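Note sheet for the following structure.
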Amino acid sequence: MIEELLMAAAGAAAAAAVYAAAAARVVKQYERGVVFRFGRLRDDIRSPGFTMIVPVVDRLHKVNMQIVTMPVPAQEGITRDNVTVRVDAVVYFKVVDAADALVRVEDYKFAVSQMAQTSLRSIIGKSDLDDLLSNREKLNQGLELMLDSPAMGWGVAIDRVEIKDVSLPETMKRSMARQAEADRERRARVINADAELQASKKLAEAAGVMSDQPAALQLRLLQTVMAVSAEKNSTLVLPIPVELLRFLERATPGGPAEVEGSSAAAPLSEAYLKGRAAAEEAVEDLTGTSVEPAPHEKHA
C-alpha cells in the first residue's frame with residue numbers, strides 16, 4: 001500500500017514537472033509576449049521575465065520591440081522637372097503595440113518595406129532635382145509623414161527616414177559641372193571688373209593730386225626709372241623735362257634761341273652743352289642709366 005502511494009506521488013510529481021516545463025516561458029527584456037487562448041487574443045501582454053501559460057490551450061508569440069533598421073531598395077523615377085534619378089533610403093521604425101502588430105497586419109516588416117518604396121517613388125515625382133540634392137531634410141520629413149500615418153494603425157511607429165543617395169545620369173552630371181564652371185567664371189569676371197573700377201578711382205585721385213603738385217609727377221617718374229633700372233637688362237630712354245631745359249637756357253648766357261620764321265633751332269652754345277652734360281650726369285648718378293642725346297644734339 002505504501003509503495004503504491006509512493007508510486008502515485010512520484011507520478012504526480014513527474015506530471016507536475018512536465019506541466020511546468022510545458023507552461024514555463026521566458027520573455028527577454030526587449031520583447032513582449034502576446035497570448036492567444038483558443039485563437040482569441042488575451043488582453044494581458046506578458047512583460048519581460050518569467051511567465052506561465054496553459055499548455056495546449058495557450059500560444060505565446062514574442063514581439064521584438066527594438067528599433068529596426070530597414071534599407072529601402074533604390075527606386076527609379078522622374079522628378080517634377082523631368083530628370084531621371086535613382087534614389088535609395090533607409091527607414092528606422094519600432095513596434096509600439098505588440099498586439100496590433102500581430103493582429104492588424106500579416107507581416108508588419110514587409111508592409112513597412114512596401115509602403116516605404118511606394119512613398120519614395122511618390123516623393124521623387126513631387127520634387128525637383130535641386131530639392132533632392134540640397135533640401136533633403138524637408139523631403140525626409142515629408143517621407144516620414146507619409147509612412148507614419150498608415151503605420152500607426154499597425155502598431156508601428158516610424159522613428160525617422162533618411163534619403164541616402166541620389167544617382168544621376170552621366171549626361172546630367174556633365175551638364176551640372178559645366179553650369180558650375182560657368183557660374184564661377186562669371187563671378188571671377190565680376191570680381192575683376194570691380195577691381196578695375198576701384199583701381200581707376202584711385203588713379204583718378206592720384207592724377208588730381210599730381211595736377212595740383214607738378215613736382216609729385218617728377219618724383220613718381222624718378223621712382224619708376226629706379227624700379228626699371230634695378231633689373232639691369234633693358235635700355236632706358238629718359239626724357240628730359242622741358243622745364244629743366246628752359247631753366248638751363250635762362251641760367252646760361254648765350255643759350256639757344258629760336259630763329260624767328262625758321263623751323264630749325266640755333267646751334268647750341270658751349271655753356272648750354274656743359275649745363276646739359278651736368279644734368280645728364282646727375283640723372284645717371286641718380287638712376288644708374290645713361291641718357292642718350294637728342295638727334296639734333298648729336299650734330300651740334
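How things are named: the first chain in the C-alpha cells is A, the next is B, and so on; residues count from 1 in each chain; ligands count from 1 in the order shown.
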Q. Could you pull out the helix (DSSP H, G or I) residues of range 112-228 of chain A from DSSP and send them as a PyMOL selection string?
A. chain A and resi 112-126+129-134+136-152+170-212+214-228
Residues from last step as file, C-alpha atoms, as an mmCIF file, in the first residue's frame:
```
data_model
loop_
_atom_site.group_PDB
_atom_site.id
_atom_site.type_symbol
_atom_site.label_atom_id
_atom_site.label_comp_id
_atom_site.auth_asym_id
_atom_site.auth_seq_id
_atom_site.Cartn_x
_atom_site.Cartn_y
_atom_site.Cartn_z
ATOM 1 C CA VAL A 112 6.540 48.854 -43.903
ATOM 2 C CA SER A 113 9.040 47.958 -46.649
ATOM 3 C CA GLN A 114 6.433 48.099 -49.418
ATOM 4 C CA MET A 115 4.956 51.320 -48.088
ATOM 5 C CA ALA A 116 8.426 52.906 -47.952
ATOM 6 C CA GLN A 117 9.144 52.030 -51.590
ATOM 7 C CA THR A 118 5.798 53.389 -52.763
ATOM 8 C CA SER A 119 6.203 56.604 -50.758
ATOM 9 C CA LEU A 120 9.756 57.083 -52.046
ATOM 10 C CA ARG A 121 8.609 56.892 -55.670
ATOM 11 C CA SER A 122 5.823 59.325 -54.882
ATOM 12 C CA ILE A 123 8.159 61.838 -53.245
ATOM 13 C CA ILE A 124 10.507 61.657 -56.251
ATOM 14 C CA GLY A 125 7.703 62.614 -58.637
ATOM 15 C CA LYS A 126 6.634 65.557 -56.467
ATOM 16 C CA LEU A 129 16.150 67.828 -58.739
ATOM 17 C CA ASP A 130 17.533 70.716 -56.685
ATOM 18 C CA ASP A 131 15.359 69.675 -53.731
ATOM 19 C CA LEU A 132 16.634 66.099 -53.899
ATOM 20 C CA LEU A 133 20.231 67.317 -53.882
ATOM 21 C CA SER A 134 20.174 70.200 -51.406
ATOM 22 C CA ARG A 136 16.877 66.530 -48.193
ATOM 23 C CA GLU A 137 15.827 67.394 -44.659
ATOM 24 C CA LYS A 138 12.446 68.644 -45.860
ATOM 25 C CA LEU A 139 11.991 65.579 -48.069
ATOM 26 C CA ASN A 140 12.884 63.291 -45.165
ATOM 27 C CA GLN A 141 10.192 64.884 -43.034
ATOM 28 C CA GLY A 142 7.613 64.564 -45.805
ATOM 29 C CA LEU A 143 8.519 60.917 -46.371
ATOM 30 C CA GLU A 144 8.280 60.228 -42.649
ATOM 31 C CA LEU A 145 4.762 61.690 -42.523
ATOM 32 C CA MET A 146 3.688 59.582 -45.487
ATOM 33 C CA LEU A 147 4.880 56.408 -43.740
ATOM 34 C CA ASP A 148 3.789 57.221 -40.197
ATOM 35 C CA SER A 149 0.085 57.654 -40.989
ATOM 36 C CA PRO A 150 -0.667 54.042 -42.071
ATOM 37 C CA ALA A 151 1.986 52.514 -39.801
ATOM 38 C CA MET A 152 0.296 53.764 -36.629
ATOM 39 C CA GLU A 170 26.275 60.879 -66.638
ATOM 40 C CA THR A 171 24.963 63.496 -69.071
ATOM 41 C CA MET A 172 23.275 65.357 -66.230
ATOM 42 C CA LYS A 173 26.478 65.260 -64.165
ATOM 43 C CA ARG A 174 28.445 66.796 -67.029
ATOM 44 C CA SER A 175 25.798 69.483 -67.531
ATOM 45 C CA MET A 176 25.885 70.375 -63.843
ATOM 46 C CA ALA A 177 29.691 70.544 -63.942
ATOM 47 C CA ARG A 178 29.577 72.951 -66.911
ATOM 48 C CA GLN A 179 26.985 75.060 -65.129
ATOM 49 C CA ALA A 180 29.123 75.302 -62.005
ATOM 50 C CA GLU A 181 32.191 76.200 -64.085
ATOM 51 C CA ALA A 182 30.299 78.928 -65.947
ATOM 52 C CA ASP A 183 28.996 80.359 -62.691
ATOM 53 C CA ARG A 184 32.499 80.518 -61.204
ATOM 54 C CA GLU A 185 33.844 82.176 -64.354
ATOM 55 C CA ARG A 186 31.057 84.759 -64.185
ATOM 56 C CA ARG A 187 31.920 85.578 -60.576
ATOM 57 C CA ALA A 188 35.612 85.864 -61.477
ATOM 58 C CA ARG A 189 34.842 88.359 -64.236
ATOM 59 C CA VAL A 190 32.658 90.407 -61.920
ATOM 60 C CA ILE A 191 35.451 90.497 -59.319
ATOM 61 C CA ASN A 192 37.995 91.589 -61.958
ATOM 62 C CA ALA A 193 35.672 94.326 -63.208
ATOM 63 C CA ASP A 194 35.130 95.563 -59.660
ATOM 64 C CA ALA A 195 38.892 95.628 -59.097
ATOM 65 C CA GLU A 196 39.391 97.651 -62.299
ATOM 66 C CA LEU A 197 36.734 100.125 -61.159
ATOM 67 C CA GLN A 198 38.388 100.602 -57.774
ATOM 68 C CA ALA A 199 41.821 100.981 -59.389
ATOM 69 C CA SER A 200 40.511 103.602 -61.841
ATOM 70 C CA LYS A 201 39.054 105.606 -58.954
ATOM 71 C CA LYS A 202 42.379 105.540 -57.096
ATOM 72 C CA LEU A 203 44.275 106.529 -60.262
ATOM 73 C CA ALA A 204 41.880 109.423 -60.777
ATOM 74 C CA GLU A 205 42.529 110.587 -57.217
ATOM 75 C CA ALA A 206 46.293 110.280 -57.770
ATOM 76 C CA ALA A 207 46.041 112.258 -61.013
ATOM 77 C CA GLY A 208 44.188 115.003 -59.149
ATOM 78 C CA VAL A 209 46.943 115.227 -56.534
ATOM 79 C CA MET A 210 49.692 115.296 -59.190
ATOM 80 C CA SER A 211 47.894 118.020 -61.128
ATOM 81 C CA ASP A 212 47.950 120.211 -58.003
ATOM 82 C CA PRO A 214 53.683 119.073 -60.569
ATOM 83 C CA ALA A 215 56.751 118.064 -58.548
ATOM 84 C CA ALA A 216 54.919 114.893 -57.484
ATOM 85 C CA LEU A 217 54.814 113.787 -61.116
ATOM 86 C CA GLN A 218 58.574 114.255 -61.458
ATOM 87 C CA LEU A 219 59.202 112.281 -58.260
ATOM 88 C CA ARG A 220 56.961 109.500 -59.473
ATOM 89 C CA LEU A 221 58.863 109.448 -62.767
ATOM 90 C CA LEU A 222 62.197 109.094 -60.976
ATOM 91 C CA GLN A 223 60.822 106.278 -58.801
ATOM 92 C CA THR A 224 59.642 104.444 -61.897
ATOM 93 C CA VAL A 225 63.055 104.883 -63.532
ATOM 94 C CA MET A 226 64.795 103.484 -60.440
ATOM 95 C CA ALA A 227 62.449 100.470 -60.364
ATOM 96 C CA VAL A 228 63.097 99.706 -64.040
#
```
Q) What lies within 8 Å of Val166 in chain A using only C-alpha atoms, ignoring chain neighbours under 2 positions off, as a ChimeraX atom specification? A) /A:85-88,132-133,163-164,168
Write out, as a Markdown table, each residue of range 28-97 of chain A that has an atom at most 6 Å from range 9-23 of chain A, together with the closest pair of atoms and their distance in Å to one decimal, counting only C-alpha atoms, rows going by chain and rising number.
```
| residue | atom | partner | partner_atom | distance |
| --- | --- | --- | --- | --- |
| A:Met52 | CA | A:Ala23 | CA | 5.2 |
| A:Ile53 | CA | A:Ala23 | CA | 4.9 |
| A:Val54 | CA | A:Ala23 | CA | 5.7 |
| A:Pro55 | CA | A:Ala23 | CA | 5.3 |
```
Selection file, all heavy atoms, as a PDB file, in the first residue's frame:
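Written file, again14.pdb:
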```pdb
ATOM      1  N   MET A  52       4.015  32.126 -17.197  1.00  0.00           N
ATOM      2  CA  MET A  52       3.407  30.800 -17.356  1.00  0.00           C
ATOM      3  C   MET A  52       2.198  30.902 -18.264  1.00  0.00           C
ATOM      4  O   MET A  52       1.460  31.896 -18.247  1.00  0.00           O
ATOM      5  CB  MET A  52       2.969  30.254 -15.992  1.00  0.00           C
ATOM      6  CG  MET A  52       4.099  30.028 -15.002  1.00  0.00           C
ATOM      7  SD  MET A  52       5.125  28.614 -15.394  1.00  0.00           S
ATOM      8  CE  MET A  52       3.963  27.283 -15.047  1.00  0.00           C
ATOM      9  N   ILE A  53       2.009  29.861 -19.079  1.00  0.00           N
ATOM     10  CA  ILE A  53       0.832  29.758 -19.929  1.00  0.00           C
ATOM     11  C   ILE A  53       0.202  28.385 -19.712  1.00  0.00           C
ATOM     12  O   ILE A  53       0.802  27.507 -19.090  1.00  0.00           O
ATOM     13  CB  ILE A  53       1.184  29.965 -21.414  1.00  0.00           C
ATOM     14  CG1 ILE A  53       2.130  28.865 -21.889  1.00  0.00           C
ATOM     15  CG2 ILE A  53       1.764  31.349 -21.655  1.00  0.00           C
ATOM     16  CD1 ILE A  53       2.389  28.883 -23.390  1.00  0.00           C
ATOM     17  N   VAL A  54      -0.984  28.215 -20.228  1.00  0.00           N
ATOM     18  CA  VAL A  54      -1.664  26.919 -20.139  1.00  0.00           C
ATOM     19  C   VAL A  54      -1.237  26.090 -21.339  1.00  0.00           C
ATOM     20  O   VAL A  54      -1.512  26.481 -22.488  1.00  0.00           O
ATOM     21  CB  VAL A  54      -3.196  27.090 -20.112  1.00  0.00           C
ATOM     22  CG1 VAL A  54      -3.888  25.726 -20.034  1.00  0.00           C
ATOM     23  CG2 VAL A  54      -3.601  27.965 -18.943  1.00  0.00           C
ATOM     24  N   PRO A  55      -0.560  24.996 -21.128  1.00  0.00           N
ATOM     25  CA  PRO A  55      -0.112  24.186 -22.272  1.00  0.00           C
ATOM     26  C   PRO A  55      -1.285  23.720 -23.127  1.00  0.00           C
ATOM     27  O   PRO A  55      -2.391  23.490 -22.637  1.00  0.00           O
ATOM     28  CB  PRO A  55       0.604  23.008 -21.608  1.00  0.00           C
ATOM     29  CG  PRO A  55       0.967  23.483 -20.249  1.00  0.00           C
ATOM     30  CD  PRO A  55      -0.130  24.417 -19.841  1.00  0.00           C
TER      31      PRO A  55
END
```
Q.
For a test of reading the model, state the distance in Å between CA of Phe93 in chain A and CA of Asp159 in chain A, rounded to one decimal.
A. 4.9 Å
(Q) Which residue is closest to Val161 in chain A? Choose from A:Phe38, A:Asp100, A:Glu76, A:Thr69 and count only C-alpha atoms. (A)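 Result for the nearest residue to Val161 in chain A: A:Thr69.
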Q. In Å, how far is it from CA of Val156 in chain A to CA of Asn135 in chain A?
A.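 A separation of 27.1 Å between them.
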Q | Interatomic distance (Å, one decimal) between CA of Tyr92 in chain A and CA of Ser47 in chain A | A |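 For CA of Tyr92 in chain A relative to CA of Ser47 in chain A, the distance reads 23.7 Å.
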Q) Restricting the calculation to only C-alpha atoms, which member of A:Val34, A:Ala98, A:Leu41, A:Val83 is positioned closest to Gln66 in chain A? A)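 For Gln66 in chain A, the nearest of the candidates is A:Ala98.
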Q: Within 12 Å of Val103 in chain A, counting only C-alpha atoms, which residues show up once you throw out same-chain ones fewer than 5 positions away? Write them as a PyMOL selection string, please.
A: chain A and resi 34-36+39-42+61+63+97-98+108+153-155
With all heavy atoms retained, write the just-selected residues as a short mmCIF file (atom, residue, chain, number, x, y, z; two decimals), in the first residue's frame.
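Printed below is again_33.cif as written:
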```cif
data_model
loop_
_atom_site.label_atom_id
_atom_site.label_comp_id
_atom_site.auth_asym_id
_atom_site.auth_seq_id
_atom_site.Cartn_x
_atom_site.Cartn_y
_atom_site.Cartn_z
N VAL A 34 2.61 38.07 -26.41
CA VAL A 34 1.19 38.15 -26.75
C VAL A 34 0.62 36.73 -26.70
O VAL A 34 1.12 35.82 -27.36
CB VAL A 34 0.98 38.78 -28.14
CG1 VAL A 34 -0.51 38.88 -28.47
CG2 VAL A 34 1.62 40.15 -28.21
N VAL A 35 -0.43 36.56 -25.91
CA VAL A 35 -1.00 35.23 -25.68
C VAL A 35 -2.32 35.11 -26.43
O VAL A 35 -3.19 35.99 -26.34
CB VAL A 35 -1.21 34.98 -24.17
CG1 VAL A 35 -1.84 33.59 -23.93
CG2 VAL A 35 0.11 35.09 -23.43
N PHE A 36 -2.48 33.97 -27.15
CA PHE A 36 -3.73 33.62 -27.80
C PHE A 36 -4.26 32.35 -27.12
O PHE A 36 -3.55 31.33 -27.06
CB PHE A 36 -3.53 33.36 -29.29
CG PHE A 36 -3.21 34.61 -30.08
CD1 PHE A 36 -1.89 35.00 -30.25
CD2 PHE A 36 -4.22 35.35 -30.65
CE1 PHE A 36 -1.59 36.14 -30.97
CE2 PHE A 36 -3.92 36.49 -31.38
CZ PHE A 36 -2.61 36.90 -31.54
N GLY A 39 -7.17 30.66 -29.89
CA GLY A 39 -7.22 31.57 -31.03
C GLY A 39 -7.68 32.97 -30.71
O GLY A 39 -7.65 33.83 -31.61
N ARG A 40 -8.10 33.21 -29.50
CA ARG A 40 -8.56 34.55 -29.12
C ARG A 40 -7.44 35.30 -28.39
O ARG A 40 -6.71 34.73 -27.58
CB ARG A 40 -9.80 34.47 -28.23
CG ARG A 40 -11.03 33.91 -28.95
CD ARG A 40 -12.20 33.82 -28.00
NE ARG A 40 -12.56 35.13 -27.49
CZ ARG A 40 -13.42 35.96 -28.10
NH1 ARG A 40 -14.00 35.58 -29.23
NH2 ARG A 40 -13.71 37.13 -27.57
N LEU A 41 -7.34 36.58 -28.69
CA LEU A 41 -6.29 37.40 -28.09
C LEU A 41 -6.60 37.68 -26.63
O LEU A 41 -7.70 38.10 -26.28
CB LEU A 41 -6.16 38.73 -28.86
CG LEU A 41 -5.15 39.75 -28.32
CD1 LEU A 41 -3.74 39.22 -28.44
CD2 LEU A 41 -5.29 41.09 -29.05
N ARG A 42 -5.62 37.43 -25.80
CA ARG A 42 -5.73 37.77 -24.37
C ARG A 42 -5.32 39.23 -24.17
O ARG A 42 -4.44 39.76 -24.83
CB ARG A 42 -4.83 36.86 -23.55
CG ARG A 42 -5.14 35.37 -23.68
CD ARG A 42 -6.40 35.02 -22.92
NE ARG A 42 -6.22 35.24 -21.50
CZ ARG A 42 -7.18 35.08 -20.59
NH1 ARG A 42 -8.40 34.72 -20.98
NH2 ARG A 42 -6.94 35.27 -19.30
N HIS A 61 3.29 34.41 -28.42
CA HIS A 61 4.07 34.99 -29.52
C HIS A 61 4.90 36.14 -28.97
O HIS A 61 4.35 37.05 -28.34
CB HIS A 61 3.15 35.47 -30.63
CG HIS A 61 2.38 34.40 -31.31
ND1 HIS A 61 2.84 33.70 -32.41
CD2 HIS A 61 1.15 33.87 -31.03
CE1 HIS A 61 1.95 32.82 -32.78
NE2 HIS A 61 0.90 32.90 -31.96
N VAL A 63 7.18 39.40 -29.51
CA VAL A 63 7.33 40.50 -30.47
C VAL A 63 8.53 41.34 -30.06
O VAL A 63 8.63 41.79 -28.91
CB VAL A 63 6.06 41.37 -30.53
CG1 VAL A 63 6.25 42.50 -31.55
CG2 VAL A 63 4.86 40.52 -30.90
N ASP A 97 2.92 48.74 -30.21
CA ASP A 97 1.78 47.94 -29.74
C ASP A 97 1.96 46.53 -30.28
O ASP A 97 1.72 46.28 -31.48
CB ASP A 97 0.46 48.55 -30.20
CG ASP A 97 -0.74 47.95 -29.48
OD1 ASP A 97 -0.67 46.75 -29.11
OD2 ASP A 97 -1.73 48.65 -29.27
N ALA A 98 2.38 45.61 -29.42
CA ALA A 98 2.67 44.25 -29.86
C ALA A 98 1.43 43.53 -30.37
O ALA A 98 1.49 42.77 -31.35
CB ALA A 98 3.32 43.46 -28.72
N TYR A 108 4.32 42.89 -40.49
CA TYR A 108 4.48 44.34 -40.41
C TYR A 108 5.78 44.81 -41.05
O TYR A 108 5.86 45.92 -41.58
CB TYR A 108 4.37 44.82 -38.96
CG TYR A 108 5.46 44.33 -38.03
CD1 TYR A 108 6.63 45.06 -37.86
CD2 TYR A 108 5.31 43.15 -37.31
CE1 TYR A 108 7.63 44.63 -37.02
CE2 TYR A 108 6.31 42.72 -36.45
CZ TYR A 108 7.47 43.46 -36.31
OH TYR A 108 8.46 43.02 -35.47
N GLY A 153 -1.62 52.51 -37.52
CA GLY A 153 -2.70 51.54 -37.43
C GLY A 153 -2.21 50.12 -37.31
O GLY A 153 -2.99 49.21 -36.97
N TRP A 154 -0.94 49.89 -37.60
CA TRP A 154 -0.35 48.55 -37.48
C TRP A 154 0.40 48.36 -36.17
O TRP A 154 1.07 47.36 -35.97
CB TRP A 154 0.63 48.30 -38.63
CG TRP A 154 0.01 48.49 -39.98
CD1 TRP A 154 -1.29 48.37 -40.31
CD2 TRP A 154 0.70 48.85 -41.18
NE1 TRP A 154 -1.49 48.63 -41.64
CE2 TRP A 154 -0.28 48.92 -42.21
CE3 TRP A 154 2.03 49.10 -41.52
CZ2 TRP A 154 0.03 49.25 -43.53
CZ3 TRP A 154 2.34 49.41 -42.82
CH2 TRP A 154 1.35 49.49 -43.82
N GLY A 155 0.35 49.36 -35.28
CA GLY A 155 1.09 49.26 -34.03
C GLY A 155 2.57 49.54 -34.20
O GLY A 155 3.39 49.12 -33.37
#
```
Q.
Based on the backbone DSSP call, show me all residues of range 82-203 of chain A assigned strand (DSSP E or B), as a PyMOL selection string.
A. chain A and resi 84-95+156-167
